[in-house]
Amino acid sequence: MTGITVPDEVQGVFNDFKLKRTPHFAMFFKIEGDEVVEDTEMHVPKEGSDFDSILEKLDESTPRYVVIDFNYETTDGRPADKIIFVAWIPDTCKIKDKMKYSGTKESVKSAFVGIAVNINATDMSEVTSEEVTAACNKV
């Protein structure tokens with residue numbers, strides 16, 4: 001526990017995202033001060049975006065929490081979608097940031113009700129479209 005909170009307005013933004021009331025394919029959140037806030041400059045719109053659009057936003061030195069409205073095909077060929085939570089905490093970021101984001105991750109996950117799949121990513125190979133699809137098919 002880090003004492004960092006997830007404000008009600010951030011939970012409301014996530015709920016709107018989960019219910020498909022936003023124009024976003026992926027939303028980014030960061031820790032600012034002692035609370036989790038939206039990183040609105042990083043959001044990826046639904047229109048004209050693919051999974052690579054999300055990966056392009058990730059920085060090897062900056063941790064973020066990412067929620068993705070992920071469409072995929074099940075192992076038996078059916079189309080499906082799930083809300084994915086990615087804790088992007090790269091190995092190359094500052095130790096203090098790693099500790100802060102790692103320690104707050106469970107609070108964020110519990111505040112964001114409705115997450116189907118949780119992925120902890122420390123480098124790009126752990127958050128590819130193929131890895132996310134495999135994680136979705138495991139659940």
# chains A, B, ... in the order shown; residues from 1 in each chain; ligands from 1

$ select_by_dssp --residues "stretch 21-80 of chain A" --states "strand (DSSP E or B)" --output "list in words"
His24, Phe25, Ala26, Met27, Phe28, Phe29, Lys30, Ile31, Glu32, Glu35, Val36, Val37, Glu38, Val44, Pro45, Asp59, Thr62, Arg64, Tyr65, Val66, Val67, Ile68, Asp69, Phe70, Asn71, Tyr72, Glu73, Pro79 and Ala80 of chain A

$ residues_around --residues "A:Glu131" --least-positions-apart "5" --cutoff "12 Å" --atoms "only C-alpha atoms" --output "PDB file with all heavy atoms, in the first residue's frame"
ATOM      1  N   PHE A  51      -3.875  -2.097 -32.476  1.00  0.00           N
ATOM      2  CA  PHE A  51      -3.122  -2.385 -31.260  1.00  0.00           C
ATOM      3  C   PHE A  51      -1.755  -1.702 -31.258  1.00  0.00           C
ATOM      4  O   PHE A  51      -1.267  -1.269 -30.221  1.00  0.00           O
ATOM      5  CB  PHE A  51      -2.979  -3.902 -31.070  1.00  0.00           C
ATOM      6  CG  PHE A  51      -2.626  -4.270 -29.665  1.00  0.00           C
ATOM      7  CD1 PHE A  51      -3.588  -4.317 -28.675  1.00  0.00           C
ATOM      8  CD2 PHE A  51      -1.318  -4.541 -29.311  1.00  0.00           C
ATOM      9  CE1 PHE A  51      -3.265  -4.629 -27.367  1.00  0.00           C
ATOM     10  CE2 PHE A  51      -0.979  -4.854 -28.011  1.00  0.00           C
ATOM     11  CZ  PHE A  51      -1.959  -4.906 -27.036  1.00  0.00           C
ATOM     12  N   TYR A  72     -10.944  -9.641 -30.045  1.00  0.00           N
ATOM     13  CA  TYR A  72     -10.089 -10.750 -30.454  1.00  0.00           C
ATOM     14  C   TYR A  72     -10.965 -11.904 -30.921  1.00  0.00           C
ATOM     15  O   TYR A  72     -12.188 -11.849 -30.842  1.00  0.00           O
ATOM     16  CB  TYR A  72      -9.186 -11.190 -29.298  1.00  0.00           C
ATOM     17  CG  TYR A  72      -9.937 -11.829 -28.146  1.00  0.00           C
ATOM     18  CD1 TYR A  72      -9.952 -13.205 -27.984  1.00  0.00           C
ATOM     19  CD2 TYR A  72     -10.645 -11.059 -27.234  1.00  0.00           C
ATOM     20  CE1 TYR A  72     -10.655 -13.790 -26.944  1.00  0.00           C
ATOM     21  CE2 TYR A  72     -11.342 -11.633 -26.192  1.00  0.00           C
ATOM     22  CZ  TYR A  72     -11.348 -13.003 -26.048  1.00  0.00           C
ATOM     23  OH  TYR A  72     -12.044 -13.577 -25.021  1.00  0.00           O
ATOM     24  N   ILE A  84      -9.113  -5.134 -20.838  1.00  0.00           N
ATOM     25  CA  ILE A  84      -7.787  -5.574 -20.413  1.00  0.00           C
ATOM     26  C   ILE A  84      -7.150  -4.469 -19.580  1.00  0.00           C
ATOM     27  O   ILE A  84      -7.205  -3.297 -19.946  1.00  0.00           O
ATOM     28  CB  ILE A  84      -6.882  -5.833 -21.645  1.00  0.00           C
ATOM     29  CG1 ILE A  84      -7.575  -6.696 -22.692  1.00  0.00           C
ATOM     30  CG2 ILE A  84      -5.536  -6.414 -21.225  1.00  0.00           C
ATOM     31  CD1 ILE A  84      -7.962  -8.057 -22.227  1.00  0.00           C
ATOM     32  N   VAL A  86      -3.504  -3.306 -18.218  1.00  0.00           N
ATOM     33  CA  VAL A  86      -2.061  -3.504 -18.353  1.00  0.00           C
ATOM     34  C   VAL A  86      -1.351  -2.584 -17.363  1.00  0.00           C
ATOM     35  O   VAL A  86      -1.559  -1.367 -17.378  1.00  0.00           O
ATOM     36  CB  VAL A  86      -1.573  -3.185 -19.786  1.00  0.00           C
ATOM     37  CG1 VAL A  86      -0.055  -3.341 -19.876  1.00  0.00           C
ATOM     38  CG2 VAL A  86      -2.271  -4.060 -20.812  1.00  0.00           C
ATOM     39  N   VAL A 117      -9.020  -9.242 -17.857  1.00  0.00           N
ATOM     40  CA  VAL A 117      -7.666  -9.798 -17.922  1.00  0.00           C
ATOM     41  C   VAL A 117      -6.683  -8.768 -17.386  1.00  0.00           C
ATOM     42  O   VAL A 117      -6.765  -7.589 -17.717  1.00  0.00           O
ATOM     43  CB  VAL A 117      -7.292 -10.177 -19.380  1.00  0.00           C
ATOM     44  CG1 VAL A 117      -5.867 -10.674 -19.470  1.00  0.00           C
ATOM     45  CG2 VAL A 117      -8.251 -11.215 -19.928  1.00  0.00           C
ATOM     46  N   ASN A 118      -5.747  -9.246 -16.571  1.00  0.00           N
ATOM     47  CA  ASN A 118      -4.710  -8.390 -15.998  1.00  0.00           C
ATOM     48  C   ASN A 118      -3.356  -8.813 -16.559  1.00  0.00           C
ATOM     49  O   ASN A 118      -3.014  -9.992 -16.512  1.00  0.00           O
ATOM     50  CB  ASN A 118      -4.730  -8.537 -14.474  1.00  0.00           C
ATOM     51  CG  ASN A 118      -3.564  -7.844 -13.823  1.00  0.00           C
ATOM     52  OD1 ASN A 118      -3.234  -6.720 -14.154  1.00  0.00           O
ATOM     53  ND2 ASN A 118      -2.903  -8.536 -12.907  1.00  0.00           N
ATOM     54  N   ILE A 119      -2.621  -7.861 -17.089  1.00  0.00           N
ATOM     55  CA  ILE A 119      -1.296  -8.150 -17.633  1.00  0.00           C
ATOM     56  C   ILE A 119      -0.280  -7.230 -16.960  1.00  0.00           C
ATOM     57  O   ILE A 119      -0.474  -6.021 -16.909  1.00  0.00           O
ATOM     58  CB  ILE A 119      -1.267  -7.940 -19.164  1.00  0.00           C
ATOM     59  CG1 ILE A 119      -2.218  -8.940 -19.828  1.00  0.00           C
ATOM     60  CG2 ILE A 119       0.147  -8.063 -19.711  1.00  0.00           C
ATOM     61  CD1 ILE A 119      -2.388  -8.746 -21.307  1.00  0.00           C
ATOM     62  N   ASN A 120       0.787  -7.841 -16.449  1.00  0.00           N
ATOM     63  CA  ASN A 120       1.900  -7.082 -15.880  1.00  0.00           C
ATOM     64  C   ASN A 120       3.016  -7.095 -16.914  1.00  0.00           C
ATOM     65  O   ASN A 120       3.575  -8.148 -17.202  1.00  0.00           O
ATOM     66  CB  ASN A 120       2.392  -7.728 -14.583  1.00  0.00           C
ATOM     67  CG  ASN A 120       1.304  -7.752 -13.538  1.00  0.00           C
ATOM     68  OD1 ASN A 120       0.656  -6.753 -13.291  1.00  0.00           O
ATOM     69  ND2 ASN A 120       1.089  -8.915 -12.934  1.00  0.00           N
ATOM     70  N   ALA A 121       3.319  -5.946 -17.492  1.00  0.00           N
ATOM     71  CA  ALA A 121       4.309  -5.881 -18.556  1.00  0.00           C
ATOM     72  C   ALA A 121       5.507  -5.051 -18.134  1.00  0.00           C
ATOM     73  O   ALA A 121       5.357  -3.945 -17.629  1.00  0.00           O
ATOM     74  CB  ALA A 121       3.684  -5.289 -19.813  1.00  0.00           C
ATOM     75  N   MET A 124       8.254  -4.610 -24.010  1.00  0.00           N
ATOM     76  CA  MET A 124       7.310  -4.653 -25.132  1.00  0.00           C
ATOM     77  C   MET A 124       6.887  -6.074 -25.518  1.00  0.00           C
ATOM     78  O   MET A 124       5.770  -6.277 -25.970  1.00  0.00           O
ATOM     79  CB  MET A 124       7.900  -3.956 -26.364  1.00  0.00           C
ATOM     80  CG  MET A 124       8.007  -2.472 -26.206  1.00  0.00           C
ATOM     81  SD  MET A 124       6.398  -1.696 -26.135  1.00  0.00           S
ATOM     82  CE  MET A 124       6.852  -0.001 -26.110  1.00  0.00           C
ATOM     83  N   SER A 125       7.755  -7.053 -25.312  1.00  0.00           N
ATOM     84  CA  SER A 125       7.426  -8.423 -25.710  1.00  0.00           C
ATOM     85  C   SER A 125       6.268  -8.999 -24.884  1.00  0.00           C
ATOM     86  O   SER A 125       5.626  -9.958 -25.308  1.00  0.00           O
ATOM     87  CB  SER A 125       8.655  -9.323 -25.584  1.00  0.00           C
ATOM     88  OG  SER A 125       9.004  -9.498 -24.224  1.00  0.00           O
ATOM     89  N   GLU A 126       5.996  -8.420 -23.732  1.00  0.00           N
ATOM     90  CA  GLU A 126       4.932  -8.932 -22.855  1.00  0.00           C
ATOM     91  C   GLU A 126       3.574  -8.298 -23.132  1.00  0.00           C
ATOM     92  O   GLU A 126       2.586  -8.676 -22.504  1.00  0.00           O
ATOM     93  CB  GLU A 126       5.305  -8.697 -21.394  1.00  0.00           C
ATOM     94  CG  GLU A 126       6.546  -9.454 -20.983  1.00  0.00           C
ATOM     95  CD  GLU A 126       7.019  -9.103 -19.580  1.00  0.00           C
ATOM     96  OE1 GLU A 126       6.725  -7.998 -19.093  1.00  0.00           O
ATOM     97  OE2 GLU A 126       7.689  -9.951 -18.980  1.00  0.00           O
ATOM     98  N   CYS A 136      -6.295 -13.557 -23.122  1.00  0.00           N
ATOM     99  CA  CYS A 136      -7.770 -13.545 -23.193  1.00  0.00           C
ATOM    100  C   CYS A 136      -8.318 -14.962 -23.372  1.00  0.00           C
ATOM    101  O   CYS A 136      -9.347 -15.304 -22.805  1.00  0.00           O
ATOM    102  CB  CYS A 136      -8.248 -12.677 -24.346  1.00  0.00           C
ATOM    103  SG  CYS A 136      -8.053 -10.921 -24.062  1.00  0.00           S
ATOM    104  N   ASN A 137      -7.652 -15.761 -24.169  1.00  0.00           N
ATOM    105  CA  ASN A 137      -8.127 -17.122 -24.426  1.00  0.00           C
ATOM    106  C   ASN A 137      -7.887 -18.058 -23.259  1.00  0.00           C
ATOM    107  O   ASN A 137      -8.504 -19.121 -23.182  1.00  0.00           O
ATOM    108  CB  ASN A 137      -7.496 -17.668 -25.717  1.00  0.00           C
ATOM    109  CG  ASN A 137      -8.180 -17.112 -26.947  1.00  0.00           C
ATOM    110  OD1 ASN A 137      -9.398 -16.984 -26.989  1.00  0.00           O
ATOM    111  ND2 ASN A 137      -7.408 -16.772 -27.951  1.00  0.00           N
ATOM    112  N   LYS A 138      -6.990 -17.696 -22.321  1.00  0.00           N
ATOM    113  CA  LYS A 138      -6.757 -18.507 -21.128  1.00  0.00           C
ATOM    114  C   LYS A 138      -7.915 -18.394 -20.145  1.00  0.00           C
ATOM    115  O   LYS A 138      -8.216 -19.303 -19.407  1.00  0.00           O
ATOM    116  CB  LYS A 138      -5.478 -18.057 -20.406  1.00  0.00           C
ATOM    117  CG  LYS A 138      -4.220 -18.566 -21.021  1.00  0.00           C
ATOM    118  CD  LYS A 138      -3.052 -18.115 -20.152  1.00  0.00           C
ATOM    119  CE  LYS A 138      -1.746 -18.253 -20.888  1.00  0.00           C
ATOM    120  NZ  LYS A 138      -0.641 -17.658 -20.110  1.00  0.00           N
TER     121      LYS A 138
END

$ closest_residue --among "A:Asp8, A:Glu60, A:Glu47, A:Asp69" --to "A:Ile89" --atoms "only C-alpha atoms"
A:Glu60

$ atom_distance --atom1 "atom CA of A:Tyr65" --atom2 "atom CA of A:Thr122"
11.9 Å

$ atom_distance --atom1 "atom CA of A:Asp123" --atom2 "atom CA of A:Leu58"
9.7 Å

$ closest_residue --among "A:Lys100, A:Lys109, A:Lys30, A:His24" --to "A:Val44" --atoms "only C-alpha atoms"
A:His24

$ select_by_dssp --residues "stretch 42-106 of chain A" --states "helix (DSSP H, G or I)" --output "ChimeraX atom specification"
/A:42,51-57,95-106

$ atom_distance --atom1 "atom CA of A:Phe17" --atom2 "atom CA of A:Thr133"
19.9 Å

$ residues_around --residues "stretch 31-33 of chain A" --least-positions-apart "3" --cutoff "8 Å" --atoms "only C-alpha atoms" --output "PyMOL selection string"
chain A and resi 4+36-37+64+101

$ residues_around --residues "A:Gly3" --least-positions-apart "4" --cutoff "10 Å" --atoms "only C-alpha atoms" --output "JSON, numbers by chain"
{"A": [34, 35, 100, 103, 104, 107]}

$ residues_around --residues "A:Gly114" --least-positions-apart "5" --cutoff "12 Å" --atoms "only C-alpha atoms" --output "ChimeraX atom specification"
/A:11,14-19,67-69,82-85,108-109

$ residues_around --residues "A:Met42" --least-positions-apart "2" --cutoff "7 Å" --atoms "only C-alpha atoms" --output "ChimeraX atom specification"
/A:28,39-40,44,57

$ write_last_selection --atoms "all heavy atoms" --output "PDB file, in the first residue's frame"
ATOM      1  N   PHE A  28      -5.159   5.711 -20.804  1.00  0.00           N
ATOM      2  CA  PHE A  28      -3.945   5.666 -19.995  1.00  0.00           C
ATOM      3  C   PHE A  28      -4.172   6.426 -18.687  1.00  0.00           C
ATOM      4  O   PHE A  28      -4.841   7.456 -18.672  1.00  0.00           O
ATOM      5  CB  PHE A  28      -2.780   6.306 -20.754  1.00  0.00           C
ATOM      6  CG  PHE A  28      -2.281   5.479 -21.900  1.00  0.00           C
ATOM      7  CD1 PHE A  28      -3.018   5.346 -23.061  1.00  0.00           C
ATOM      8  CD2 PHE A  28      -1.062   4.826 -21.803  1.00  0.00           C
ATOM      9  CE1 PHE A  28      -2.561   4.589 -24.118  1.00  0.00           C
ATOM     10  CE2 PHE A  28      -0.588   4.066 -22.865  1.00  0.00           C
ATOM     11  CZ  PHE A  28      -1.337   3.946 -24.018  1.00  0.00           C
ATOM     12  N   ASP A  39      -4.380  10.180 -18.059  1.00  0.00           N
ATOM     13  CA  ASP A  39      -3.341  10.786 -18.885  1.00  0.00           C
ATOM     14  C   ASP A  39      -3.980  11.013 -20.258  1.00  0.00           C
ATOM     15  O   ASP A  39      -3.782  10.238 -21.193  1.00  0.00           O
ATOM     16  CB  ASP A  39      -2.117   9.867 -18.974  1.00  0.00           C
ATOM     17  CG  ASP A  39      -0.918  10.565 -19.576  1.00  0.00           C
ATOM     18  OD1 ASP A  39      -1.077  11.691 -20.101  1.00  0.00           O
ATOM     19  OD2 ASP A  39       0.184   9.984 -19.525  1.00  0.00           O
ATOM     20  N   THR A  40      -4.788  12.070 -20.334  1.00  0.00           N
ATOM     21  CA  THR A  40      -5.644  12.291 -21.503  1.00  0.00           C
ATOM     22  C   THR A  40      -4.863  12.457 -22.804  1.00  0.00           C
ATOM     23  O   THR A  40      -5.381  12.120 -23.871  1.00  0.00           O
ATOM     24  CB  THR A  40      -6.555  13.513 -21.299  1.00  0.00           C
ATOM     25  OG1 THR A  40      -5.747  14.636 -20.946  1.00  0.00           O
ATOM     26  CG2 THR A  40      -7.571  13.261 -20.209  1.00  0.00           C
ATOM     27  N   VAL A  44      -6.009   6.521 -26.867  1.00  0.00           N
ATOM     28  CA  VAL A  44      -6.018   6.075 -28.258  1.00  0.00           C
ATOM     29  C   VAL A  44      -7.477   5.976 -28.707  1.00  0.00           C
ATOM     30  O   VAL A  44      -8.257   5.237 -28.107  1.00  0.00           O
ATOM     31  CB  VAL A  44      -5.319   4.700 -28.407  1.00  0.00           C
ATOM     32  CG1 VAL A  44      -5.397   4.204 -29.843  1.00  0.00           C
ATOM     33  CG2 VAL A  44      -3.866   4.787 -27.939  1.00  0.00           C
ATOM     34  N   LYS A  57       2.536   4.460 -27.922  1.00  0.00           N
ATOM     35  CA  LYS A  57       2.411   5.431 -26.825  1.00  0.00           C
ATOM     36  C   LYS A  57       3.246   5.046 -25.599  1.00  0.00           C
ATOM     37  O   LYS A  57       3.532   5.884 -24.758  1.00  0.00           O
ATOM     38  CB  LYS A  57       0.947   5.552 -26.394  1.00  0.00           C
ATOM     39  CG  LYS A  57       0.014   6.006 -27.490  1.00  0.00           C
ATOM     40  CD  LYS A  57      -0.125   7.482 -27.472  1.00  0.00           C
ATOM     41  CE  LYS A  57      -1.175   7.929 -28.480  1.00  0.00           C
ATOM     42  NZ  LYS A  57      -1.440   9.330 -28.366  1.00  0.00           N
TER      43      LYS A  57
END

$ closest_residue --among "A:Ile54, A:Cys93, A:Val66, A:Ala135" --to "A:Phe112" --atoms "only C-alpha atoms"
A:Val66

$ closest_residue --among "A:Asp52, A:Pro63, A:Phe25, A:Gly77" --to "A:Ser129" --atoms "only C-alpha atoms"
A:Asp52

$ closest_residue --among "A:Met27, A:Val132, A:Val139, A:Val127" --to "A:Pro90" --atoms "only C-alpha atoms"
A:Val127

$ decode --residues "stretch 19-33 of chain A" --atoms "N, CA, C and O atoms" --output "PDB file, in the first residue's frame"
ATOM      1  N   LEU A  19     -18.386   0.672 -20.373  1.00  0.00           N
ATOM      2  CA  LEU A  19     -19.724   0.596 -20.961  1.00  0.00           C
ATOM      3  C   LEU A  19     -19.765   1.154 -22.391  1.00  0.00           C
ATOM      4  O   LEU A  19     -20.841   1.369 -22.938  1.00  0.00           O
ATOM      5  N   LYS A  20     -18.572   1.397 -22.949  1.00  0.00           N
ATOM      6  CA  LYS A  20     -18.419   1.869 -24.331  1.00  0.00           C
ATOM      7  C   LYS A  20     -19.080   3.223 -24.569  1.00  0.00           C
ATOM      8  O   LYS A  20     -19.637   3.489 -25.620  1.00  0.00           O
ATOM      9  N   ARG A  21     -19.010   4.092 -23.569  1.00  0.00           N
ATOM     10  CA  ARG A  21     -19.561   5.453 -23.682  1.00  0.00           C
ATOM     11  C   ARG A  21     -18.490   6.480 -24.030  1.00  0.00           C
ATOM     12  O   ARG A  21     -18.735   7.673 -23.969  1.00  0.00           O
ATOM     13  N   THR A  22     -17.293   6.012 -24.341  1.00  0.00           N
ATOM     14  CA  THR A  22     -16.209   6.930 -24.701  1.00  0.00           C
ATOM     15  C   THR A  22     -15.737   6.601 -26.120  1.00  0.00           C
ATOM     16  O   THR A  22     -15.959   5.482 -26.596  1.00  0.00           O
ATOM     17  N   PRO A  23     -15.067   7.528 -26.772  1.00  0.00           N
ATOM     18  CA  PRO A  23     -14.553   7.261 -28.121  1.00  0.00           C
ATOM     19  C   PRO A  23     -13.169   6.607 -28.104  1.00  0.00           C
ATOM     20  O   PRO A  23     -12.448   6.668 -29.089  1.00  0.00           O
ATOM     21  N   HIS A  24     -12.800   5.965 -26.993  1.00  0.00           N
ATOM     22  CA  HIS A  24     -11.432   5.466 -26.841  1.00  0.00           C
ATOM     23  C   HIS A  24     -11.331   3.955 -27.011  1.00  0.00           C
ATOM     24  O   HIS A  24     -12.183   3.204 -26.543  1.00  0.00           O
ATOM     25  N   PHE A  25     -10.238   3.529 -27.649  1.00  0.00           N
ATOM     26  CA  PHE A  25      -9.853   2.130 -27.776  1.00  0.00           C
ATOM     27  C   PHE A  25      -9.000   1.753 -26.561  1.00  0.00           C
ATOM     28  O   PHE A  25      -9.058   0.646 -26.055  1.00  0.00           O
ATOM     29  N   ALA A  26      -8.209   2.714 -26.092  1.00  0.00           N
ATOM     30  CA  ALA A  26      -7.364   2.510 -24.915  1.00  0.00           C
ATOM     31  C   ALA A  26      -7.262   3.817 -24.145  1.00  0.00           C
ATOM     32  O   ALA A  26      -7.219   4.891 -24.736  1.00  0.00           O
ATOM     33  N   MET A  27      -7.245   3.691 -22.813  1.00  0.00           N
ATOM     34  CA  MET A  27      -7.095   4.857 -21.943  1.00  0.00           C
ATOM     35  C   MET A  27      -5.888   4.636 -21.047  1.00  0.00           C
ATOM     36  O   MET A  27      -5.654   3.532 -20.564  1.00  0.00           O
ATOM     37  N   PHE A  28      -5.159   5.711 -20.804  1.00  0.00           N
ATOM     38  CA  PHE A  28      -3.945   5.666 -19.995  1.00  0.00           C
ATOM     39  C   PHE A  28      -4.172   6.426 -18.687  1.00  0.00           C
ATOM     40  O   PHE A  28      -4.841   7.456 -18.672  1.00  0.00           O
ATOM     41  N   PHE A  29      -3.576   5.902 -17.614  1.00  0.00           N
ATOM     42  CA  PHE A  29      -3.652   6.533 -16.302  1.00  0.00           C
ATOM     43  C   PHE A  29      -2.254   6.602 -15.712  1.00  0.00           C
ATOM     44  O   PHE A  29      -1.424   5.734 -15.959  1.00  0.00           O
ATOM     45  N   LYS A  30      -2.010   7.660 -14.927  1.00  0.00           N
ATOM     46  CA  LYS A  30      -0.707   7.842 -14.305  1.00  0.00           C
ATOM     47  C   LYS A  30      -0.903   8.267 -12.853  1.00  0.00           C
ATOM     48  O   LYS A  30      -2.004   8.659 -12.452  1.00  0.00           O
ATOM     49  N   ILE A  31       0.165   8.199 -12.098  1.00  0.00           N
ATOM     50  CA  ILE A  31       0.138   8.660 -10.710  1.00  0.00           C
ATOM     51  C   ILE A  31       0.669  10.083 -10.696  1.00  0.00           C
ATOM     52  O   ILE A  31       1.746  10.362 -11.205  1.00  0.00           O
ATOM     53  N   GLU A  32      -0.142  10.964 -10.112  1.00  0.00           N
ATOM     54  CA  GLU A  32       0.251  12.364  -9.979  1.00  0.00           C
ATOM     55  C   GLU A  32       0.008  12.751  -8.520  1.00  0.00           C
ATOM     56  O   GLU A  32      -1.115  12.721  -8.055  1.00  0.00           O
ATOM     57  N   GLY A  33       1.068  13.083  -7.827  1.00  0.00           N
ATOM     58  CA  GLY A  33       0.930  13.409  -6.410  1.00  0.00           C
ATOM     59  C   GLY A  33       0.549  12.165  -5.636  1.00  0.00           C
ATOM     60  O   GLY A  33       1.248  11.160  -5.679  1.00  0.00           O
TER      61      GLY A  33
END
